[in-house]
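Visitor: Supplied in structure tokens, the structure appears directly below.
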Amino acid sequence: MSLQTNSKVVTRFAPSPTGFLHIGSLRTALFNYVYAKQHGGKYVLRIEDTDKARNTPEFEKDIMDGLVWLGLQHDEFFRQSEHAGKHKIYLQKLIDNGAAYISKEKIEKEGDRAEVIRFKNPNKKVAFDDLIRGHVEFDTTELGDFVIAKSLDEPVFHFAVVADDFDEGITHVIRGEDHISNTPRQILIQEALGAPRPVYAHLPLILAEDRSKLSKRKHGEAVSLAYYRKLGYLKEALINFIGMLGWNPGNDEELLSLDDFISKFTIEKVQKGGAILNVEKLKWLNREYIKKMPTAELLNIVSAKMPNTQGEILERALPSIVDHISVFSDIDSLAASGEFNYLSNVDDYPKEKLFWKDESDGSVVINHFNFALETLKKLPAEPTAEQVKTALWDYASEKGRGQVLWPLRYALSGKDKSPDPFVLISILGTIQATERINAAIKKLS
RNA sequence: GGCCCUAUCGUCUAACGGUUAGGACAUUGCCUUCUCAAGGCAGUAAUCAGAGUUCGAUUCUCUGUAGGGUCACCA
């Protein structure tokens, strides 16, 4: 407790660039960021690149890009490999004071060294108070004298983490639950180094549908931020969703921004059990955020996805397009299946489609069309849907709405499913609408 | 298997030891309606099991069960 109140909070997110930014890591990053910000502290990003064989610059770039895109800007940046000199000094110090030793090994697999540095395990019980889990206790005896470096120049994860956390003044280690059993050995190293112990908080894991840990190998690309980003999920929705997996504000609020998290987040209230990632809810959230988007921004995005429909038509059609999607990539599939064809042309259709239910008298339909044509003449070239509705409603009610509106809508859209004819006319304008109705009349006569 | 962690509707979750166990997503029905959506309203649905402690356990304790994590010269 005293650590929290007396010193400035410093948190860190320490991914290793051996894969794309994982959705679970994303939450770790978010909570670290939020926790630091709400305590007026610092949030450090540290790339843990000590495994030279598996690191790639692409992954490092993906991680950094993803974080920046989400708005989780770090205050300080480190690359673990750049601390090799410091690690070496610490390692030497431990060897000198007998806390670690150079050990002769037999080579069991490829890459094994004949000599490694092992930590002299004091074989004791280690206990720590986890902000989320409370009191946790381990007996480190079973760990044996574990390896902390392959050589003076090649520290292994546990050692590098402790050394770096120490150097960077990390006060709070907020990380995934998969690290909880790593904690005792890291505490042992800390003690040997004379480093202060940070406050620990182990987050529950994000699970797949089958309750297993979300892993790239098992669950494919749906575990990476890049995947969701590519599908067109909004960062606001992603942050909101991830932040509420395993945590909630304690009331019925569902829509939270990054700033809301900073003001409301309470690490003690983080759930202890793992949570399944529920894409349906993510979609719902995304839709909520799409609804909130400024029209101009929306137009930009939709416009890029619909090269065949541009300008004012697209502008007027925007609400009816957005109405049908929960993610922007939905537009691609909807467009591919011809859902929006009516915006540029009328697909050919059999004239029977112009009859409502079991009607079959073409002349009656033509009468309705003629009334519509007359009405269009009296309307402005680009009427609002409301204006069109007012002009046609009484007639349609009198003659039968289905009888009038179904053929009209079909003539205008050429489709079984579409926006209603009033909206259609408001999108197309009276000139285009007149053309399409005339084409329908020609079909019938 | 050892060690560790966890357990409320299908999913995410709320509930100072006393609630008709609440909300959201999903789902179902209804309304609206010319179609498809959207929207509105309503409904179905949960305390893992068994012992304790207590006047009273979702809540505390123990046991069991189930699930998960971790056991590298990876991070």
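Ligands are numbered from 1 in the order shown, chains are lettered A, B, ... in the order of the structure tokens, and residues start at 1 in each chain.
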Sort by chain and increasing residue number a table of all residues of chain B within 10 Å of chain A, each with its closest pair of atoms and their distance in Å to one decimal, counting only C-alpha atoms (C1' of nucleotides), and write it as a Markdown table.

Guide:
```
| residue | atom | partner | partner_atom | distance |
| --- | --- | --- | --- | --- |
| B:G2 | C1' | A:Glu142 | CA | 8.8 |
| B:C3 | C1' | A:Phe138 | CA | 7.8 |
| B:C4 | C1' | A:Ser181 | CA | 6.5 |
| B:C5 | C1' | A:Glu177 | CA | 8.0 |
| B:U6 | C1' | A:Gly273 | CA | 5.0 |
| B:A7 | C1' | A:Gly273 | CA | 7.6 |
| B:U11 | C1' | A:Asn278 | CA | 6.3 |
| B:C12 | C1' | A:Leu245 | CA | 6.5 |
| B:U13 | C1' | A:Asn248 | CA | 7.5 |
| B:A14 | C1' | A:Gly250 | CA | 6.8 |
| B:G22 | C1' | A:Asp252 | CA | 9.3 |
| B:G23 | C1' | A:Asp252 | CA | 5.6 |
| B:A24 | C1' | A:Glu254 | CA | 7.0 |
| B:C25 | C1' | A:Lys281 | CA | 4.8 |
| B:A26 | C1' | A:Glu280 | CA | 7.2 |
| B:U33 | C1' | A:Asp420 | CA | 9.9 |
| B:C34 | C1' | A:Gly402 | CA | 4.3 |
| B:U35 | C1' | A:Lys417 | CA | 4.9 |
| B:C36 | C1' | A:Lys417 | CA | 4.6 |
| B:A37 | C1' | A:His324 | CA | 6.0 |
| B:A38 | C1' | A:Asp323 | CA | 6.3 |
| B:G67 | C1' | A:Arg211 | CA | 7.5 |
| B:G68 | C1' | A:Ser212 | CA | 6.9 |
| B:G69 | C1' | A:Asp178 | CA | 5.5 |
| B:U70 | C1' | A:Ser181 | CA | 6.0 |
| B:C71 | C1' | A:Leu143 | CA | 8.6 |
| B:A72 | C1' | A:Val147 | CA | 9.2 |
| B:C73 | C1' | A:Asp112 | CA | 5.4 |
| B:C74 | C1' | A:Asp51 | CA | 7.1 |
| B:A75 | C1' | A:Ser16 | CA | 6.1 |
```

Visitor: If you run DSSP on the backbone, which residues of range 302-438 of chain A are alpha helix (DSSP H), as an NGL selection string?

Guide: :A and (302-305 or 311-322 or 329-336 or 362-378 or 385-399 or 401-413 or 421-438)

Visitor: Set the distance at 8 Å and use only C-alpha atoms (C1' of nucleotides): which residues neighbour range 262-269 of chain A once local chain neighbours fewer than 4 positions away are removed? I'd like the list as a count of residues only.

Guide: 10

Visitor: Using only C-alpha atoms (C1' of nucleotides), which of the listed residues (B:U59, B:U19, B:U27, B:U32) sits closest to U47 in chain B?

Guide: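 Looking only at the distances to U47 in chain B, the closest residue turns out to be B:U59.
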
Visitor: Residues near range 227-235 of chain A, anyone? I mean within 6 Å using only C-alpha atoms (C1' of nucleotides), not counting same-chain ones fewer than 2 positions away, as a list in words.

Guide: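 The residues that qualify are Leu70, Ala222, Ser224, Leu225, Ala237, Leu238, Val327, Phe328 and Ser329 of chain A.
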
Visitor: What's around range 426-429 of chain A at 12 Å? Count only C-alpha atoms (C1' of nucleotides), leave out sequence neighbours fewer than 4 positions away in its own chain, and write the answer as a compact mmCIF listing (two decimals) with C-alpha atoms, in the first residue's frame.

Guide:
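And here is the file that came out, out35.txt:
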```
# COMPACT_ATOMS: atom_id res chain seq x y z
CA THR A 309 -21.93 4.72 -55.89
CA GLN A 310 -20.61 8.15 -55.20
CA GLY A 311 -21.61 11.72 -54.59
CA GLU A 312 -25.05 12.82 -53.53
CA ILE A 313 -26.68 9.46 -54.08
CA LEU A 314 -24.32 7.87 -51.64
CA GLU A 315 -24.84 10.69 -49.22
CA ARG A 316 -28.59 10.22 -49.30
CA ALA A 317 -28.28 6.43 -49.17
CA LEU A 318 -25.86 6.46 -46.28
CA PRO A 319 -28.37 5.88 -43.47
CA SER A 320 -29.96 2.91 -45.21
CA ILE A 321 -26.56 1.36 -45.85
CA TYR A 342 -30.44 -0.52 -56.68
CA LEU A 343 -28.30 2.51 -56.01
CA SER A 344 -26.85 2.44 -59.52
CA ASN A 345 -29.22 0.32 -61.58
CA VAL A 346 -32.21 -1.99 -61.49
CA LEU A 376 -43.33 12.88 -58.59
CA LYS A 377 -43.87 15.81 -60.93
CA LEU A 379 -42.27 17.09 -55.81
CA PRO A 380 -38.86 18.75 -55.74
CA ALA A 381 -36.18 16.93 -57.74
CA GLU A 382 -34.67 15.59 -54.55
CA PRO A 383 -37.49 15.23 -52.07
CA THR A 384 -37.10 13.98 -48.54
CA ALA A 385 -38.54 10.59 -47.73
CA GLU A 386 -41.05 12.36 -45.54
CA GLN A 387 -42.26 14.54 -48.40
CA VAL A 388 -42.70 11.50 -50.63
CA LYS A 389 -44.55 9.65 -47.96
CA LEU A 412 -37.56 1.25 -58.03
CA SER A 413 -35.24 -1.40 -56.62
CA PRO A 419 -35.58 0.26 -48.22
CA ASP A 420 -39.17 1.43 -48.56
CA PRO A 421 -40.28 3.29 -51.71
CA PHE A 422 -40.34 6.67 -50.00
CA ALA A 433 -37.39 7.26 -60.05
CA THR A 434 -39.57 8.32 -62.98
CA GLU A 435 -37.33 6.41 -65.38
CA ARG A 436 -37.53 3.25 -63.34
CA ILE A 437 -41.30 3.46 -62.98
```

Visitor: Could you state the separation of CA of Leu392 in chain A and CA of Phe371 in chain A in Å, given to one decimal place?

Guide: 8.7 Å

Visitor: So that I can see what lies close to A57 in chain B, please list as a PDB file with C-alpha atoms (C1' of nucleotides), in the first residue's frame the residues with an atom at most 10 Å from it, counting only C-alpha atoms (C1' of nucleotides) and leaving out residues fewer than 3 positions away in the same chain.

Guide:
```pdb
ATOM      1  C1'   G B  17     -25.018 -12.671   5.143  1.00  0.00           C
ATOM      2  C1'   G B  18     -31.632 -11.038   4.382  1.00  0.00           C
ATOM      3  C1'   U B  53     -21.061 -21.976  10.455  1.00  0.00           C
ATOM      4  C1'   U B  54     -25.625 -18.974  10.986  1.00  0.00           C
ATOM      5  C1'   C B  60     -17.994 -17.448   5.058  1.00  0.00           C
TER       6        C B  60
END
```
